[in-house]
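Listing of data-v5.pdb, PDB, C-alpha atoms
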MODEL        1
ATOM      1  CA  MET W 203      22.101  87.585  78.867
ATOM      2  CA  ILE W 204      23.773  86.632  75.600
ATOM      3  CA  ILE W 205      20.922  88.210  73.671
ATOM      4  CA  VAL W 206      21.558  91.481  75.440
ATOM      5  CA  ALA W 207      25.311  91.274  75.036
ATOM      6  CA  VAL W 208      25.121  90.396  71.373
ATOM      7  CA  GLN W 209      23.189  93.610  70.644
ATOM      8  CA  PHE W 210      26.427  95.474  71.122
ATOM      9  CA  TYR W 211      27.713  93.764  67.997
ATOM     10  CA  SER W 212      27.008  96.577  65.559
ATOM     11  CA  PRO W 213      24.472  95.783  62.895
ATOM     12  CA  VAL W 214      25.895  95.809  59.393
ATOM     13  CA  GLN W 215      24.009  97.719  56.778
ATOM     14  CA  ASN W 216      23.779  96.901  53.112
ATOM     15  CA  LYS W 217      23.308 100.482  51.979
ATOM     16  CA  ASP W 218      25.014 102.521  49.322
ATOM     17  CA  LEU W 219      23.282 105.618  48.089
ATOM     18  CA  SER W 220      25.921 106.608  45.541
ATOM     19  CA  ALA W 221      24.847 106.595  41.904
ATOM     20  CA  MET W 222      25.021 103.111  40.518
ATOM     21  CA  SER W 223      27.054 103.416  37.335
ATOM     22  CA  ASP W 224      27.393  99.657  36.995
ATOM     23  CA  HIS W 225      23.690  98.906  37.287
ATOM     24  CA  ILE W 226      22.207  96.357  34.908
ATOM     25  CA  SER W 227      20.114  99.076  33.239
ATOM     26  CA  LYS W 228      23.379 100.334  31.720
ATOM     27  CA  VAL W 229      23.774  97.004  29.948
ATOM     28  CA  VAL W 230      20.258  96.000  28.904
ATOM     29  CA  THR W 231      16.937  97.777  28.656
ATOM     30  CA  ILE W 232      14.599  97.218  31.578
ATOM     31  CA  PRO W 233      10.919  97.996  31.000
ATOM     32  CA  ASP W 234       9.257  99.776  33.930
ATOM     33  CA  GLN W 235       7.091  96.811  34.789
ATOM     34  CA  VAL W 236      10.095  94.509  34.990
ATOM     35  CA  ASN W 237      11.962  97.093  37.039
ATOM     36  CA  GLY W 238       9.123  97.153  39.537
ATOM     37  CA  ILE W 239       9.206  93.383  39.913
ATOM     38  CA  LEU W 240      12.979  93.291  40.344
ATOM     39  CA  LYS W 241      12.769  96.006  42.979
ATOM     40  CA  LYS W 242      10.113  94.336  45.099
ATOM     41  CA  ALA W 243      11.260  90.740  44.728
ATOM     42  CA  CYS W 244      15.004  90.782  44.140
ATOM     43  CA  TYR W 245      16.818  93.921  45.192
ATOM     44  CA  ASP W 246      16.727  93.405  48.956
ATOM     45  CA  CYS W 247      19.299  90.662  48.512
ATOM     46  CA  HIS W 248      20.727  91.197  45.048
ATOM     47  CA  SER W 249      21.658  94.869  45.149
ATOM     48  CA  ASN W 250      23.665  97.350  47.192
ATOM     49  CA  ASN W 251      20.582  98.635  48.933
ATOM     50  CA  THR W 252      18.463  96.568  51.253
ATOM     51  CA  SER W 253      15.279  97.867  52.847
ATOM     52  CA  TYR W 254      15.663  96.505  56.314
ATOM     53  CA  PRO W 255      12.638  95.787  58.493
ATOM     54  CA  TRP W 256      12.726  97.132  62.067
ATOM     55  CA  TYR W 257      13.641  93.774  63.540
ATOM     56  CA  ALA W 258      16.728  93.616  61.333
ATOM     57  CA  GLN W 259      18.509  95.786  63.862
ATOM     58  CA  ILE W 260      18.292  93.009  66.409
ATOM     59  CA  GLN W 261      20.928  90.349  66.668
ATOM     60  CA  PRO W 262      21.104  87.548  65.663
ATOM     61  CA  VAL W 263      18.505  88.486  63.050
ATOM     62  CA  ASN W 264      20.850  91.071  61.601
ATOM     63  CA  TRP W 265      23.634  88.534  61.351
ATOM     64  CA  TYR W 266      21.352  86.003  59.648
ATOM     65  CA  LEU W 267      20.016  88.500  57.130
ATOM     66  CA  ASN W 268      23.398  89.842  56.181
ATOM     67  CA  LYS W 269      24.781  86.353  55.761
ATOM     68  CA  HIS W 270      22.068  85.768  53.161
ATOM     69  CA  ILE W 271      22.618  89.130  51.521
ATOM     70  CA  LYS W 272      26.372  88.598  51.271
ATOM     71  CA  ALA W 273      25.903  85.188  49.632
ATOM     72  CA  ALA W 274      23.217  86.546  47.329
ATOM     73  CA  LYS W 275      25.335  89.449  46.145
ATOM     74  CA  ALA W 276      28.248  87.134  45.446
ATOM     75  CA  GLN W 277      25.964  85.182  43.119
ATOM     76  CA  LEU W 278      24.262  88.183  41.523
ATOM     77  CA  ASN W 279      24.333  91.905  42.191
ATOM     78  CA  PHE W 280      22.170  94.008  39.877
ATOM     79  CA  ASP W 281      24.088  97.123  40.910
ATOM     80  CA  ASN W 282      27.383  95.611  39.854
ATOM     81  CA  PHE W 283      26.154  93.950  36.680
ATOM     82  CA  LYS W 284      27.993  96.133  34.188
ATOM     83  CA  HIS W 285      31.247  95.128  35.869
ATOM     84  CA  TYR W 286      30.751  91.444  34.945
ATOM     85  CA  SER W 287      32.302  89.993  31.815
ATOM     86  CA  THR W 288      29.780  89.563  28.975
ATOM     87  CA  ARG W 289      30.100  85.840  29.497
ATOM     88  CA  ARG W 290      29.079  86.117  33.120
ATOM     89  CA  GLN W 291      26.271  88.538  32.270
ATOM     90  CA  LEU W 292      24.854  85.947  29.892
ATOM     91  CA  SER W 293      25.128  83.226  32.531
ATOM     92  CA  LYS W 294      23.355  85.394  35.101
ATOM     93  CA  LEU W 295      20.505  86.319  32.744
ATOM     94  CA  ARG W 296      20.019  82.637  32.043
ATOM     95  CA  ALA W 297      20.093  81.899  35.752
ATOM     96  CA  ILE W 298      17.436  84.559  36.383
ATOM     97  CA  GLU W 299      15.208  83.018  33.732
ATOM     98  CA  ASN W 300      15.697  79.488  35.050
ATOM     99  CA  SER W 301      15.315  80.215  38.742
ATOM    100  CA  VAL W 302      12.153  82.280  38.251
ATOM    101  CA  GLU W 303      10.691  79.526  36.098
ATOM    102  CA  GLU W 304      11.576  76.841  38.637
ATOM    103  CA  GLY W 305      10.393  78.972  41.529
ATOM    104  CA  THR W 306      13.697  78.734  43.363
ATOM    105  CA  MET W 307      13.817  82.527  43.275
ATOM    106  CA  PRO W 308      12.697  84.671  45.044
ATOM    107  CA  ILE W 309      13.848  82.420  47.853
ATOM    108  CA  ALA W 310      11.153  80.889  50.078
ATOM    109  CA  SER W 311      12.543  82.288  53.315
ATOM    110  CA  TYR W 312      12.100  85.758  51.831
ATOM    111  CA  THR W 313       8.620  85.362  50.355
ATOM    112  CA  LEU W 314       7.441  83.894  53.640
ATOM    113  CA  ILE W 315       7.792  87.359  55.172
ATOM    114  CA  HIS W 316       7.396  89.502  52.066
ATOM    115  CA  LYS W 317       4.104  88.492  50.531
ATOM    116  CA  ASN W 318       4.376  91.215  47.905
ATOM    117  CA  ALA W 319       7.509  89.530  46.565
ATOM    118  CA  VAL W 320       5.597  86.418  45.587
ATOM    119  CA  LEU W 321       5.483  86.529  41.785
ATOM    120  CA  SER W 322       2.230  85.922  39.961
ATOM    121  CA  LYS W 323       2.207  83.728  36.865
ATOM    122  CA  SER W 324       2.169  86.752  34.568
ATOM    123  CA  GLU W 325       4.942  88.458  36.516
ATOM    124  CA  LYS W 326       7.069  85.342  36.184
ATOM    125  CA  LYS W 327       6.384  85.187  32.453
ATOM    126  CA  LEU W 328       7.361  88.822  32.081
ATOM    127  CA  VAL W 329      10.661  88.485  33.932
ATOM    128  CA  MET W 330      11.517  85.302  32.040
ATOM    129  CA  ALA W 331      10.740  86.907  28.680
ATOM    130  CA  TRP W 332      12.787  89.949  29.593
ATOM    131  CA  ALA W 333      15.741  87.838  30.742
ATOM    132  CA  ALA W 334      15.643  85.707  27.584
ATOM    133  CA  ALA W 335      15.372  88.733  25.283
ATOM    134  CA  SER W 336      18.174  90.526  27.114
ATOM    135  CA  ARG W 337      20.319  87.489  26.768
ATOM    136  CA  ASP W 338      19.620  87.304  23.021
ATOM    137  CA  SER W 339      20.545  90.944  22.603
ATOM    138  CA  LEU W 340      23.917  90.362  24.291
ATOM    139  CA  GLU W 341      24.760  87.059  22.751
ATOM    140  CA  GLN W 342      26.949  86.356  19.771
ATOM    141  CA  ILE W 343      26.124  82.787  18.954
ATOM    142  CA  PRO W 344      28.765  80.784  17.058
ATOM    143  CA  PHE W 345      26.395  77.806  16.771
TER     144      PHE W 345
ATOM    145  CA  MET Z 262      75.006  21.201  22.164
ATOM    146  CA  LYS Z 263      73.915  23.415  19.268
ATOM    147  CA  THR Z 264      70.285  23.227  20.390
ATOM    148  CA  LEU Z 265      71.325  24.133  23.890
ATOM    149  CA  ILE Z 266      73.224  27.178  22.684
ATOM    150  CA  TYR Z 267      70.375  28.223  20.399
ATOM    151  CA  SER Z 268      67.716  27.793  23.061
ATOM    152  CA  PHE Z 269      69.912  29.653  25.566
ATOM    153  CA  ALA Z 270      70.453  32.510  23.088
ATOM    154  CA  PHE Z 271      66.742  32.486  22.331
ATOM    155  CA  SER Z 272      65.788  32.740  25.967
ATOM    156  CA  LEU Z 273      68.183  35.644  26.389
ATOM    157  CA  LEU Z 274      65.953  37.608  24.058
ATOM    158  CA  PHE Z 275      63.144  37.446  26.558
ATOM    159  CA  ILE Z 276      65.305  38.290  29.526
ATOM    160  CA  SER Z 277      66.612  41.344  27.729
ATOM    161  CA  THR Z 278      63.107  42.752  27.257
ATOM    162  CA  TYR Z 279      62.625  43.161  30.997
ATOM    163  CA  PRO Z 280      65.109  45.987  31.545
ATOM    164  CA  THR Z 281      63.820  47.651  28.357
ATOM    165  CA  ASN Z 282      60.282  47.651  29.673
ATOM    166  CA  ALA Z 283      61.382  48.945  33.068
ATOM    167  CA  ALA Z 284      63.373  51.700  31.388
ATOM    168  CA  ALA Z 285      60.435  52.531  29.158
ATOM    169  CA  LYS Z 286      58.178  52.766  32.192
ATOM    170  CA  LYS Z 287      60.608  55.144  33.860
ATOM    171  CA  VAL Z 288      60.587  57.377  30.812
ATOM    172  CA  ILE Z 289      56.795  57.444  30.773
ATOM    173  CA  ASP Z 290      56.642  58.295  34.475
ATOM    174  CA  LEU Z 291      59.170  61.051  33.998
ATOM    175  CA  ALA Z 292      57.269  62.430  31.030
ATOM    176  CA  GLU Z 293      54.027  62.481  33.015
ATOM    177  CA  GLU Z 294      55.713  64.284  35.878
ATOM    178  CA  GLN Z 295      57.056  66.888  33.539
ATOM    179  CA  ALA Z 296      53.838  67.275  31.552
ATOM    180  CA  PRO Z 297      53.010  70.964  31.413
ATOM    181  CA  LYS Z 298      50.712  71.822  34.310
ATOM    182  CA  ASN Z 299      49.130  74.424  32.077
ATOM    183  CA  SER Z 300      47.781  71.733  29.765
ATOM    184  CA  THR Z 301      44.046  71.614  29.483
ATOM    185  CA  ILE Z 302      44.011  67.834  29.846
ATOM    186  CA  THR Z 303      42.926  67.691  33.505
ATOM    187  CA  ILE Z 304      40.211  70.258  32.918
ATOM    188  CA  LEU Z 305      38.934  68.368  29.914
ATOM    189  CA  ASP Z 306      39.080  65.017  31.725
ATOM    190  CA  ALA Z 307      36.884  66.309  34.535
ATOM    191  CA  TYR Z 308      34.487  67.893  32.039
ATOM    192  CA  LEU Z 309      34.155  64.646  30.073
ATOM    193  CA  LYS Z 310      33.503  62.747  33.302
ATOM    194  CA  LEU Z 311      30.714  65.209  34.025
ATOM    195  CA  LYS Z 312      29.345  64.874  30.515
ATOM    196  CA  ASN Z 313      29.265  61.085  30.799
ATOM    197  CA  ALA Z 314      27.536  61.247  34.178
ATOM    198  CA  LEU Z 315      24.787  63.468  32.754
ATOM    199  CA  SER Z 316      24.345  61.224  29.695
ATOM    200  CA  THR Z 317      23.631  58.329  32.041
ATOM    201  CA  ASP Z 318      21.320  60.433  34.236
ATOM    202  CA  ASN Z 319      23.646  60.125  37.210
ATOM    203  CA  ALA Z 320      23.324  63.376  39.166
ATOM    204  CA  GLN Z 321      25.541  62.188  41.996
ATOM    205  CA  ASN Z 322      28.471  61.397  39.710
ATOM    206  CA  ALA Z 323      27.837  64.660  37.909
ATOM    207  CA  ALA Z 324      28.215  66.537  41.203
ATOM    208  CA  THR Z 325      31.446  64.696  41.972
ATOM    209  CA  ALA Z 326      32.796  65.501  38.524
ATOM    210  CA  GLY Z 327      31.731  69.118  38.961
ATOM    211  CA  ASN Z 328      33.846  69.337  42.097
ATOM    212  CA  GLU Z 329      36.751  67.683  40.298
ATOM    213  CA  LEU Z 330      36.453  70.320  37.601
ATOM    214  CA  VAL Z 331      36.591  73.099  40.196
ATOM    215  CA  LYS Z 332      39.793  71.537  41.511
ATOM    216  CA  ALA Z 333      41.223  71.228  37.991
ATOM    217  CA  PHE Z 334      40.678  74.957  37.493
ATOM    218  CA  LYS Z 335      42.375  75.693  40.806
ATOM    219  CA  ASP Z 336      45.379  73.537  39.880
ATOM    220  CA  PHE Z 337      45.784  74.991  36.410
ATOM    221  CA  ASP Z 338      49.019  76.938  36.105
ATOM    222  CA  GLN Z 339      48.172  80.262  34.481
ATOM    223  CA  SER Z 340      51.730  81.560  34.651
ATOM    224  CA  LYS Z 341      52.656  79.594  31.538
ATOM    225  CA  LEU Z 342      50.160  81.537  29.417
ATOM    226  CA  THR Z 343      50.968  84.628  27.398
ATOM    227  CA  PRO Z 344      49.451  87.859  28.782
ATOM    228  CA  ALA Z 345      46.852  87.898  26.005
ATOM    229  CA  GLN Z 346      45.923  84.253  26.584
ATOM    230  CA  ARG Z 347      45.790  84.830  30.304
ATOM    231  CA  LYS Z 348      43.321  87.688  29.997
ATOM    232  CA  THR Z 349      40.952  85.627  27.889
ATOM    233  CA  TYR Z 350      41.466  82.551  29.997
ATOM    234  CA  THR Z 351      40.645  84.230  33.324
ATOM    235  CA  ASP Z 352      37.493  85.680  31.781
ATOM    236  CA  ILE Z 353      36.328  82.208  30.739
ATOM    237  CA  GLU Z 354      37.565  80.430  33.852
ATOM    238  CA  SER Z 355      35.729  82.639  36.345
ATOM    239  CA  ASP Z 356      32.429  81.872  34.640
ATOM    240  CA  ALA Z 357      33.169  78.171  34.072
ATOM    241  CA  LYS Z 358      34.210  77.682  37.693
ATOM    242  CA  GLU Z 359      30.907  79.116  38.923
ATOM    243  CA  HIS Z 360      28.980  76.652  36.773
ATOM    244  CA  ALA Z 361      31.143  73.762  37.953
ATOM    245  CA  GLU Z 362      30.545  74.824  41.569
ATOM    246  CA  HIS Z 363      26.785  74.930  41.063
ATOM    247  CA  ILE Z 364      26.848  71.501  39.456
ATOM    248  CA  GLY Z 365      28.821  70.209  42.432
ATOM    249  CA  LEU Z 366      26.238  71.638  44.839
ATOM    250  CA  ASN Z 367      23.194  70.183  43.101
ATOM    251  CA  ALA Z 368      23.570  66.420  43.297
ATOM    252  CA  GLY Z 369      19.829  65.934  43.612
ATOM    253  CA  LYS Z 370      18.760  68.154  40.747
ATOM    254  CA  ILE Z 371      19.930  66.939  37.380
ATOM    255  CA  ALA Z 372      17.801  69.427  35.455
ATOM    256  CA  HIS Z 373      19.534  72.275  37.226
ATOM    257  CA  GLN Z 374      22.934  70.682  36.642
ATOM    258  CA  ARG Z 375      22.111  70.424  32.943
ATOM    259  CA  GLU Z 376      21.232  74.122  32.759
ATOM    260  CA  HIS Z 377      24.665  74.983  34.069
ATOM    261  CA  PHE Z 378      26.262  72.348  31.849
ATOM    262  CA  ASP Z 379      24.877  74.210  28.816
ATOM    263  CA  MET Z 380      26.802  77.364  29.658
ATOM    264  CA  LEU Z 381      29.799  75.471  31.006
ATOM    265  CA  SER Z 382      30.158  73.603  27.696
ATOM    266  CA  LYS Z 383      30.452  76.877  25.821
ATOM    267  CA  ASP Z 384      33.170  77.972  28.244
ATOM    268  CA  ILE Z 385      35.100  74.711  27.909
ATOM    269  CA  TYR Z 386      34.777  74.922  24.141
ATOM    270  CA  ASP Z 387      36.293  78.420  24.230
ATOM    271  CA  ILE Z 388      39.140  77.227  26.459
ATOM    272  CA  ALA Z 389      39.860  74.333  24.097
ATOM    273  CA  LYS Z 390      39.883  76.727  21.140
ATOM    274  CA  LEU Z 391      42.144  79.126  23.005
ATOM    275  CA  LEU Z 392      44.702  76.700  24.404
ATOM    276  CA  GLY Z 393      44.171  73.489  22.455
ATOM    277  CA  ALA Z 394      42.248  70.436  23.587
ATOM    278  CA  GLY Z 395      45.316  68.217  23.849
ATOM    279  CA  ARG Z 396      43.288  65.345  22.437
ATOM    280  CA  GLY Z 397      40.757  64.621  19.680
ATOM    281  CA  ILE Z 398      37.403  66.125  20.672
ATOM    282  CA  TYR Z 399      34.042  66.166  18.926
ATOM    283  CA  VAL Z 400      31.791  69.170  19.350
ATOM    284  CA  ASP Z 401      28.188  67.976  19.356
ATOM    285  CA  ARG Z 402      24.990  69.970  19.225
ATOM    286  CA  CYS Z 403      21.500  69.147  20.380
ATOM    287  CA  PRO Z 404      18.998  71.442  18.613
ATOM    288  CA  MET Z 405      16.163  70.852  21.069
ATOM    289  CA  TYR Z 406      17.543  71.769  24.458
ATOM    290  CA  ASN Z 407      16.706  75.125  26.096
ATOM    291  CA  LYS Z 408      13.354  75.603  24.425
ATOM    292  CA  GLY Z 409      14.695  74.894  20.972
ATOM    293  CA  LYS Z 410      17.629  77.267  21.211
ATOM    294  CA  GLY Z 411      19.987  74.299  21.224
ATOM    295  CA  ALA Z 412      23.072  73.470  23.230
ATOM    296  CA  ILE Z 413      26.518  72.038  22.594
ATOM    297  CA  TRP Z 414      28.722  69.604  24.409
ATOM    298  CA  LEU Z 415      32.225  68.208  23.915
ATOM    299  CA  SER Z 416      32.790  64.490  23.551
ATOM    300  CA  GLU Z 417      35.750  62.143  23.354
ATOM    301  CA  VAL Z 418      33.746  59.608  21.329
ATOM    302  CA  LYS Z 419      32.027  59.826  17.963
ATOM    303  CA  ASP Z 420      28.782  58.264  19.195
ATOM    304  CA  ILE Z 421      26.103  60.734  20.228
ATOM    305  CA  LYS Z 422      25.185  60.264  23.902
ATOM    306  CA  ASN Z 423      23.147  63.308  24.781
ATOM    307  CA  PRO Z 424      23.932  64.689  28.251
ATOM    308  CA  TYR Z 425      20.941  67.071  28.220
ATOM    309  CA  PHE Z 426      18.275  64.416  27.806
ATOM    310  CA  GLY Z 427      20.156  61.368  29.029
ATOM    311  CA  LYS Z 428      18.526  58.035  28.358
ATOM    312  CA  ALA Z 429      15.256  59.737  27.403
ATOM    313  CA  MET Z 430      16.701  60.892  24.094
ATOM    314  CA  SER Z 431      20.242  59.642  23.997
ATOM    315  CA  THR Z 432      20.911  59.906  20.273
ATOM    316  CA  CYS Z 433      19.567  63.421  19.730
ATOM    317  CA  GLY Z 434      22.311  65.569  18.309
ATOM    318  CA  SER Z 435      25.036  65.668  15.701
ATOM    319  CA  ILE Z 436      28.735  66.426  15.373
ATOM    320  CA  LYS Z 437      29.398  70.021  14.397
ATOM    321  CA  GLU Z 438      33.157  70.279  14.700
ATOM    322  CA  THR Z 439      36.282  68.418  15.728
ATOM    323  CA  LEU Z 440      39.033  69.875  17.891
ATOM    324  CA  HIS Z 441      42.591  68.778  18.634
TER     325      HIS Z 441
ENDMDL
END

As structure tokens, the full file:
Amino acid sequence: MIIVAVQFYSPVQNKDLSAMSDHISKVVTIPDQVNGILKKACYDCHSNNTSYPWYAQIQPVNWYLNKHIKAAKAQLNFDNFKHYSTRRQLSKLRAIENSVEEGTMPIASYTLIHKNAVLSKSEKKLVMAWAAASRDSLEQIPF
Amino acid sequence: MKTLIYSFAFSLLFISTYPTNAAAKKVIDLAEEQAPKNSTITILDAYLKLKNALSTDNAQNAATAGNELVKAFKDFDQSKLTPAQRKTYTDIESDAKEHAEHIGLNAGKIAHQREHFDMLSKDIYDIAKLLGAGRGIYVDRCPMYNKGKGAIWLSEVKDIKNPYFGKAMSTCGSIKETLH
């Protein structure tokens, strides 16, 4: 009965089709290959546009997914990247490099369902190299 | 009789130090109460606690110190800063706080804490340069950390006790700068 009732709680949508003027590509260069990886493995949680599966319209799945997405975007939102201070941009690029290397990202609960988001060794290397190079291009190192 | 008077006078000396000490203590307490809440001392204290925890490979203490640092940021009174200082400070603080939060959340993963400590140290360094450290601080650098890119940390002691490698390579690093 609760499952039926809870369906009347309107599903939230992480969707924003307006042009993303604060997207990370405005800050650093993103090679096509890297862009493809980010799109398939990261953007569902770390952007303003999630591709929801059909079952995402059902509660409490919808609630669970959006909880994750909200937390993820607070940590890192590729569509909002230009808005961050340079300092924070550097921190986030480092975090991308580290978490891909350690395998903490993409998150296991996501790759369980999305097999195409599992990064191969070479894909990981590529993202890490891109993140490190982007960081170098932004950084002014006093030491 | 003379001896008695002398010894009595002598003993008075000691009795008279008691109220002086009590008065001195009151002054110190008062001074501490009135210490500017915008001083960087509490922030730096928490940071140094964190640094010492990492140098001894204690991830649990590092997490505790990380949380203390988050609190120190929250308690810091920004209203005493000039508008220009405040702008720079809030830029640094928002990044530093995130790192401190992550360190607080990762008690079981010292490697991950150290990654955040790298970036946090740069932030704390910038805060100390901006507002003053309030104490003598050594800026140390380890050339090996982060795949040879190197990393800095701030220390209250001259001895090198590397927080990035802990006991595995405790003396790796050198003093690059001193702050006040």

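Here CA of Leu295 in chain W is placed at a distance of 20.6 Å from CA of Gly365 in chain Z.
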
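For the set Z:Lys332, Z:Lys410, Z:Lys312, Z:Lys422, the residue with the smallest atom-to-atom gap to Phe378 in chain Z is Z:Lys312, counting only C-alpha atoms.
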
Using only C-alpha atoms, I'd like every residue of chain W that has an atom within 9 Å of chain Z; please write them out as a PDB file with C-alpha atoms, in the frame of the given file.
ATOM      1  CA  GLN W 277      25.964  85.182  43.119  1.00  0.00           C
ATOM      2  CA  SER W 287      32.302  89.993  31.815  1.00  0.00           C
ATOM      3  CA  ARG W 289      30.100  85.840  29.497  1.00  0.00           C
ATOM      4  CA  ARG W 290      29.079  86.117  33.120  1.00  0.00           C
ATOM      5  CA  LEU W 292      24.854  85.947  29.892  1.00  0.00           C
ATOM      6  CA  SER W 293      25.128  83.226  32.531  1.00  0.00           C
ATOM      7  CA  ARG W 296      20.019  82.637  32.043  1.00  0.00           C
ATOM      8  CA  ALA W 297      20.093  81.899  35.752  1.00  0.00           C
ATOM      9  CA  ASN W 300      15.697  79.488  35.050  1.00  0.00           C
ATOM     10  CA  PHE W 345      26.395  77.806  16.771  1.00  0.00           C
TER      11      PHE W 345
END

*Applied to this file, what does the PyMOL selection byres ((chain W and resi 318) around 12) return in terms of residues, put as an MDAnalysis selection string?*
chainID W and resid 238:244 308 312:317 319:322 325

*asked:* Once the PyMOL selection byres ((chain Z and resi 329-331) around 9) has been evaluated on this model, what residues remain selected, and can you format them as a ChimeraX atom specification?
replied: /Z:303-308,311,324-328,332-336,357-359,361-362,365

_Going by the chain IDs and residue numbers used in this file, which residues fall under the PyMOL selection byres ((chain Z and resi 415) around 8)? Write them as a VMD selection string._
chain Z and resid 309 312 382 386 398 to 401 413 to 414 416 to 417

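Residue nearest Ser249 in chain W within the list W:Lys228, W:Lys269, W:Lys275, W:Lys326: W:Lys275 [criterion: smallest interatomic distance, only C-alpha atoms].
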
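CA of Ala394 in chain Z sits 6.6 Å away from CA of Leu440 in chain Z.
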
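Going from CA of Val214 in chain W over to CA of Cys247 in chain W, you cover 13.7 Å.
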
*W:Tyr245, W:Tyr286, W:Leu328, W:Thr252: which is nearest Asp224 in chain W, counting only C-alpha atoms?*
W:Tyr286

_Among listed residues W:Asn264, W:Asn279, W:Ser339, W:Asn251, nearest Val230 in chain W (using all atoms listed in the file)_ = W:Ser339

*asked:* Residues within 10 Å of Asn268 in chain W, please, as a ChimeraX atom specification. Count all atoms listed in the file; anything in the same chain fewer than 5 positions from it doesn't count.
replied: /W:213-216,247,252,258,263,273-274

Restricting the output to C-alpha atoms, write the selected residues as a CSV table (one decimal), in the coordinates of the input.
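again.csv was written with the following content:
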chain,number,residue,atom,x,y,z
W,213,PRO,CA,24.5,95.8,62.9
W,214,VAL,CA,25.9,95.8,59.4
W,215,GLN,CA,24.0,97.7,56.8
W,216,ASN,CA,23.8,96.9,53.1
W,247,CYS,CA,19.3,90.7,48.5
W,252,THR,CA,18.5,96.6,51.3
W,258,ALA,CA,16.7,93.6,61.3
W,263,VAL,CA,18.5,88.5,63.0
W,273,ALA,CA,25.9,85.2,49.6
W,274,ALA,CA,23.2,86.5,47.3

Add whatever atoms are absent from range 250-266 of chain W to reach N, CA and C atoms, and provide the output as a PDB file, in the frame of the given file.
ATOM      1  N   ASN W 250      22.908  96.692  46.126  1.00  0.00           N
ATOM      2  CA  ASN W 250      23.665  97.350  47.192  1.00  0.00           C
ATOM      3  C   ASN W 250      22.794  98.094  48.177  1.00  0.00           C
ATOM      4  N   ASN W 251      21.490  97.937  48.026  1.00  0.00           N
ATOM      5  CA  ASN W 251      20.582  98.635  48.933  1.00  0.00           C
ATOM      6  C   ASN W 251      19.452  97.736  49.401  1.00  0.00           C
ATOM      7  N   THR W 252      19.511  97.404  50.660  1.00  0.00           N
ATOM      8  CA  THR W 252      18.463  96.568  51.253  1.00  0.00           C
ATOM      9  C   THR W 252      17.524  97.445  52.053  1.00  0.00           C
ATOM     10  N   SER W 253      16.213  97.195  51.932  1.00  0.00           N
ATOM     11  CA  SER W 253      15.279  97.867  52.847  1.00  0.00           C
ATOM     12  C   SER W 253      15.094  96.964  54.043  1.00  0.00           C
ATOM     13  N   TYR W 254      15.702  97.350  55.126  1.00  0.00           N
ATOM     14  CA  TYR W 254      15.663  96.505  56.314  1.00  0.00           C
ATOM     15  C   TYR W 254      14.374  96.727  57.092  1.00  0.00           C
ATOM     16  N   PRO W 255      13.773  95.649  57.570  1.00  0.00           N
ATOM     17  CA  PRO W 255      12.638  95.787  58.493  1.00  0.00           C
ATOM     18  C   PRO W 255      13.160  96.178  59.868  1.00  0.00           C
ATOM     19  N   TRP W 256      12.275  96.632  60.766  1.00  0.00           N
ATOM     20  CA  TRP W 256      12.726  97.132  62.067  1.00  0.00           C
ATOM     21  C   TRP W 256      13.484  96.075  62.862  1.00  0.00           C
ATOM     22  N   TYR W 257      13.032  94.834  62.734  1.00  0.00           N
ATOM     23  CA  TYR W 257      13.641  93.774  63.540  1.00  0.00           C
ATOM     24  C   TYR W 257      15.022  93.366  63.016  1.00  0.00           C
ATOM     25  N   ALA W 258      15.406  93.941  61.883  1.00  0.00           N
ATOM     26  CA  ALA W 258      16.728  93.616  61.333  1.00  0.00           C
ATOM     27  C   ALA W 258      17.841  94.248  62.127  1.00  0.00           C
ATOM     28  N   GLN W 259      17.484  95.164  63.023  1.00  0.00           N
ATOM     29  CA  GLN W 259      18.509  95.786  63.862  1.00  0.00           C
ATOM     30  C   GLN W 259      18.875  94.912  65.034  1.00  0.00           C
ATOM     31  N   ILE W 260      18.071  93.892  65.254  1.00  0.00           N
ATOM     32  CA  ILE W 260      18.292  93.009  66.409  1.00  0.00           C
ATOM     33  C   ILE W 260      19.178  91.840  66.005  1.00  0.00           C
ATOM     34  N   GLN W 261      20.114  91.543  66.887  1.00  0.00           N
ATOM     35  CA  GLN W 261      20.928  90.349  66.668  1.00  0.00           C
ATOM     36  C   GLN W 261      20.189  89.147  67.251  1.00  0.00           C
ATOM     37  N   PRO W 262      20.293  87.957  66.819  1.00  0.00           N
ATOM     38  CA  PRO W 262      21.104  87.548  65.663  1.00  0.00           C
ATOM     39  C   PRO W 262      20.389  87.674  64.320  1.00  0.00           C
ATOM     40  N   VAL W 263      19.231  88.324  64.322  1.00  0.00           N
ATOM     41  CA  VAL W 263      18.505  88.486  63.050  1.00  0.00           C
ATOM     42  C   VAL W 263      19.368  89.212  62.035  1.00  0.00           C
ATOM     43  N   ASN W 264      20.000  90.269  62.484  1.00  0.00           N
ATOM     44  CA  ASN W 264      20.850  91.071  61.601  1.00  0.00           C
ATOM     45  C   ASN W 264      21.953  90.223  60.984  1.00  0.00           C
ATOM     46  N   TRP W 265      22.563  89.406  61.829  1.00  0.00           N
ATOM     47  CA  TRP W 265      23.634  88.534  61.351  1.00  0.00           C
ATOM     48  C   TRP W 265      23.106  87.565  60.299  1.00  0.00           C
ATOM     49  N   TYR W 266      21.959  86.978  60.558  1.00  0.00           N
ATOM     50  CA  TYR W 266      21.352  86.003  59.648  1.00  0.00           C
ATOM     51  C   TYR W 266      21.016  86.643  58.297  1.00  0.00           C
TER      52      TYR W 266
END
